[in-house]
Structures are given as C-alpha cells and as structure tokens.
Amino acid sequence: MIRVVIVEDSPTMRAILTTRLEREGDIVVVGAAANAVEGRAMIRVLDPDVVTLDIAMPGMNGLDFLEKIMALRPMPVIVVSGSAQQGAGATARALALGAVACYAKTESSGGLPFDDSGRLAALVRSAARQIPANRPRLIAIGASSGGVEALQILLSGFPADCPPTVIVQHIAARFAPAVARDLAHHCAPGLVLAEPDMPLCDGRIYLAPGDDRHLTVTGGPGLACRLHPGAPVSGHAPSVDVLFGSVARLVGADAVGIVLTGMGRDGARGLLAMAQAGAHTIVQDETSSTVFGMPRAAIALGAAGVIAPIGQIARHAFAPAA
C-alpha cells in the first residue's frame, strides 16, 4: 500500500481527494491536514510515502511549505492547483522547488468533477517510485533491550553494498558471537565482530564484541574500528554515546545515526552530537519498540530527525537528512 498524507485547507476537497485515491485499492490516505502546521506534524508522525500539497492555503502557503519540506525532509510531493488554467506560474515554481508533479483539481475554472479518470492515483504511484536516495559515508546504530530482533528487521533492508555500518548492541560478550552469526543470516552485507584497527569497508557491518571495550571510529587513510577499555558511559561499556560521539567528530554530516529499542538513555547525547554535526538521525518509534527508553530519551533531547517504525528505518537510512 502507498501511504499518502493530504495537505488541503478545504474539507470538501480533502474528502474528494481521499475518495479519488482510496478507491484505487493500492493507496491509503493515512492523514489529511488542513494547513501546513498540521501537515508537518502528520508527516513527522505518519511517515507517508507521498504528500499531496495544496498551493493556496491560509497561513503558510503551499510553496513556502514545500520549500521547507525539501530543505528539511525531502520526499515525493505532488502539488495541487485550482485548475489546469490557473496558477501556471505557481506550479512552475513548485516544480523548481522539488515537487515531482502537479495536479489540477478541475479541468477548468468551472465545475468540480468527482471522477478524474485515475489521474491523481497515477501521479501518486509514479511519485512513490521517486523516493530520493543518498549515500552516507558511515552508518552507526545503537540498541539495547529488544535490539537483536529490531536489528534483524533493520539489517534485512540493507543492500549488499551498504556503507560501512557500526553497531553497539548491549549484550554480554559470551553471547556476541552467536548474535553476530544470527544477524549475518538476516542481511545481505557481511557482518562480523569488530576487531582493533579493522578497516571499515563498504558492504560490511561491524558489531561491538560486548567485552567492556568501547567501540569508536578512527581516521587515517580510511575509517577503521577502535576498541579500547574505559569506564562505563551512560551505564554501559561499550556505550552507544561513545560510538556516536566519535562518529560525530570524525564523519559529521556524512554519517547516519540510528537509535533503536532499549532501556535507559545510552545513545541520546551521542545522537544529539551527530545531529548537531549535520548527520541524518533516525529513532525507532514507540509502537514498534520493545522498550522505548533510549528512543524516548533521544527524542526528548531533540536529537531525532526522523521517528519511524522499525520496518521503515532502512529506507530512511539511505534518504537525505531530515
């Protein structure tokens, strides 16, 4: 199912657009907002595949809102104009700002047809195939309680040639080899336990061994793992905060940081440091989390660029920063 949020100030038009889409069977309208403020909240919480956006709205108009979407959270947007004969300049501006298509509510200034012969649905299907992609230099992931199951789902969505990915999962060292073997069965990239000075390569995922050594990233000719003893940070060694802090300092805006299910606060401060360095930051939502402690702490600090269910995080990891 293609998930759509409609942003349209007219209640009648919201109903018409919803009907035009949901009668198709493969499209569901997950939210309908009356203005840009409501629209932004819905986009953040509902994480739609496509947004339809009215140009003429009170308060922040559609073009201003579109510009903010494309700057903060690029995604497929179809702008909606009054008619095919009206707003040519506005629709041209919308396309220049990054909209993937324009849709006229009516064919002329008179009348409001209830049957558009599936034109809007066709545009939505096309837009859903245009989810923007981006190649981060490094992906860093932190998880605790319920994290192994979450990682199975997340990593199953990673391509075989994914950027180097480093993971701190709170787990006893004696279980780490078995967890690594299990996760390796769920993903296309190779997955290994991190070792000192191990180069970080595309198509490889590195899991902290969980033996009271912190996992960090170091530089040089290329990125590499570093494992070093140290006191617990945020109650843990290895600590997600320590890993994320090193990624923020070394990789900055070229990284993606992900906080998954877990008890406590580990990872929240580190994810904030990554966000402040310009990295794309993602947090697992409450519904799909086994324990919402770590994600909640990251959200409370304002570190979460995207909040998404576990099944959609892989897609966001390869999307432009929000």
# chains A, B, ... in the order shown; residues from 1 in each chain; ligands from 1
$ residues_around --residues "Leu260 in chain A" --least-positions-apart "2" --cutoff "8 Å" --atoms "only C-alpha atoms" --output "list of chain:residue names"
A:Ile141, A:Gly142, A:Ala143, A:Ser144, A:Gly147, A:Ala150, A:Ile258, A:Gly262, A:Val283, A:Gln284, A:Ser289, A:Met294, A:Pro295
$ select_by_dssp --residues "range 56-278 of chain A" --states "helix (DSSP H, G or I)" --output "number ranges by chain"
A: 62-72, 88-97, 119-128, 147-155, 173-184, 240-250, 252-254, 268-276
$ atom_distance --atom1 "CA of Ala178 in chain A" --atom2 "CA of Leu227 in chain A"
19.6 Å
$ residues_around --residues "Leu155 in chain A" --least-positions-apart "2" --cutoff "9 Å" --atoms "only C-alpha atoms" --output "mmCIF file with N, CA and C atoms, in the first residue's frame"
data_model
loop_
_atom_site.group_PDB
_atom_site.id
_atom_site.type_symbol
_atom_site.label_atom_id
_atom_site.label_comp_id
_atom_site.auth_asym_id
_atom_site.auth_seq_id
_atom_site.Cartn_x
_atom_site.Cartn_y
_atom_site.Cartn_z
ATOM 1 N N ALA A 150 15.083 -6.194 16.552
ATOM 2 C CA ALA A 150 14.966 -4.980 15.734
ATOM 3 C C ALA A 150 16.057 -4.945 14.667
ATOM 4 N N LEU A 151 17.269 -5.338 15.033
ATOM 5 C CA LEU A 151 18.368 -5.357 14.070
ATOM 6 C C LEU A 151 18.119 -6.355 12.949
ATOM 7 N N GLN A 152 17.509 -7.486 13.271
ATOM 8 C CA GLN A 152 17.175 -8.457 12.228
ATOM 9 C C GLN A 152 16.312 -7.811 11.149
ATOM 10 N N ILE A 153 15.311 -7.047 11.587
ATOM 11 C CA ILE A 153 14.413 -6.392 10.636
ATOM 12 C C ILE A 153 15.127 -5.277 9.900
ATOM 13 N N GLY A 157 16.917 -4.946 5.407
ATOM 14 C CA GLY A 157 16.649 -3.950 4.375
ATOM 15 C C GLY A 157 17.891 -3.271 3.832
ATOM 16 N N PHE A 158 19.077 -3.665 4.305
ATOM 17 C CA PHE A 158 20.324 -3.048 3.838
ATOM 18 C C PHE A 158 20.781 -3.733 2.550
ATOM 19 N N PRO A 159 21.219 -2.965 1.555
ATOM 20 C CA PRO A 159 21.752 -3.576 0.327
ATOM 21 C C PRO A 159 23.108 -4.216 0.587
ATOM 22 N N LEU A 183 22.573 -12.498 13.113
ATOM 23 C CA LEU A 183 22.301 -11.306 12.316
ATOM 24 C C LEU A 183 22.834 -11.467 10.891
ATOM 25 N N ALA A 184 23.944 -12.158 10.760
ATOM 26 C CA ALA A 184 24.522 -12.356 9.431
ATOM 27 C C ALA A 184 23.577 -13.117 8.515
ATOM 28 N N HIS A 186 20.457 -12.670 8.424
ATOM 29 C CA HIS A 186 19.316 -11.804 8.104
ATOM 30 C C HIS A 186 19.679 -10.634 7.192
ATOM 31 N N CYS A 187 20.920 -10.552 6.731
ATOM 32 C CA CYS A 187 21.286 -9.391 5.923
ATOM 33 C C CYS A 187 22.197 -9.799 4.769
ATOM 34 N N ALA A 188 22.135 -9.012 3.701
ATOM 35 C CA ALA A 188 22.967 -9.265 2.522
ATOM 36 C C ALA A 188 24.425 -8.874 2.729
ATOM 37 N N PRO A 189 24.734 -7.774 3.431
ATOM 38 C CA PRO A 189 26.145 -7.442 3.661
ATOM 39 C C PRO A 189 26.799 -8.466 4.590
ATOM 40 N N ALA A 314 15.297 1.364 7.422
ATOM 41 C CA ALA A 314 16.318 1.136 6.404
ATOM 42 C C ALA A 314 16.149 2.113 5.247
#
$ closest_residue --among "A:Gly302, A:Gly245, A:Pro163, A:Pro11" --to "Met274 in chain A" --atoms "only C-alpha atoms"
A:Gly245
$ residues_around --residues "range 18-27 of chain A" --least-positions-apart "2" --cutoff "9 Å" --atoms "only C-alpha atoms" --output "ChimeraX atom specification"
/A:1-4,6,13-16,29,32,114-121,124-125
$ closest_residue --among "A:Ile171, A:Leu138, A:Ala268, A:Val51" --to "His236 in chain A" --atoms "only C-alpha atoms"
A:Ile171
$ select_by_dssp --residues "range 165-195 of chain A" --states "strand (DSSP E or B)" --output "VMD selection string"
chain A and resid 165 to 169 190 to 193
$ residues_around --residues "Ala237 in chain A" --least-positions-apart "4" --cutoff "9 Å" --atoms "only C-alpha atoms" --output "list in words"
His170, Gly210, Asp211, Asp212, Arg213, His214, Leu215, Pro229, Gly230, Ala231, Pro232, Val233 and Val242 of chain A
$ atom_distance --atom1 "CA of Ile282 in chain A" --atom2 "CA of Pro76 in chain A"
18.9 Å
$ closest_residue --among "A:Ala255, A:Gln276, A:Asp266, A:Pro164" --to "Gly293 in chain A" --atoms "only C-alpha atoms"
A:Asp266
$ atom_distance --atom1 "CA of Ala90 in chain A" --atom2 "CA of Ala122 in chain A"
21.8 Å
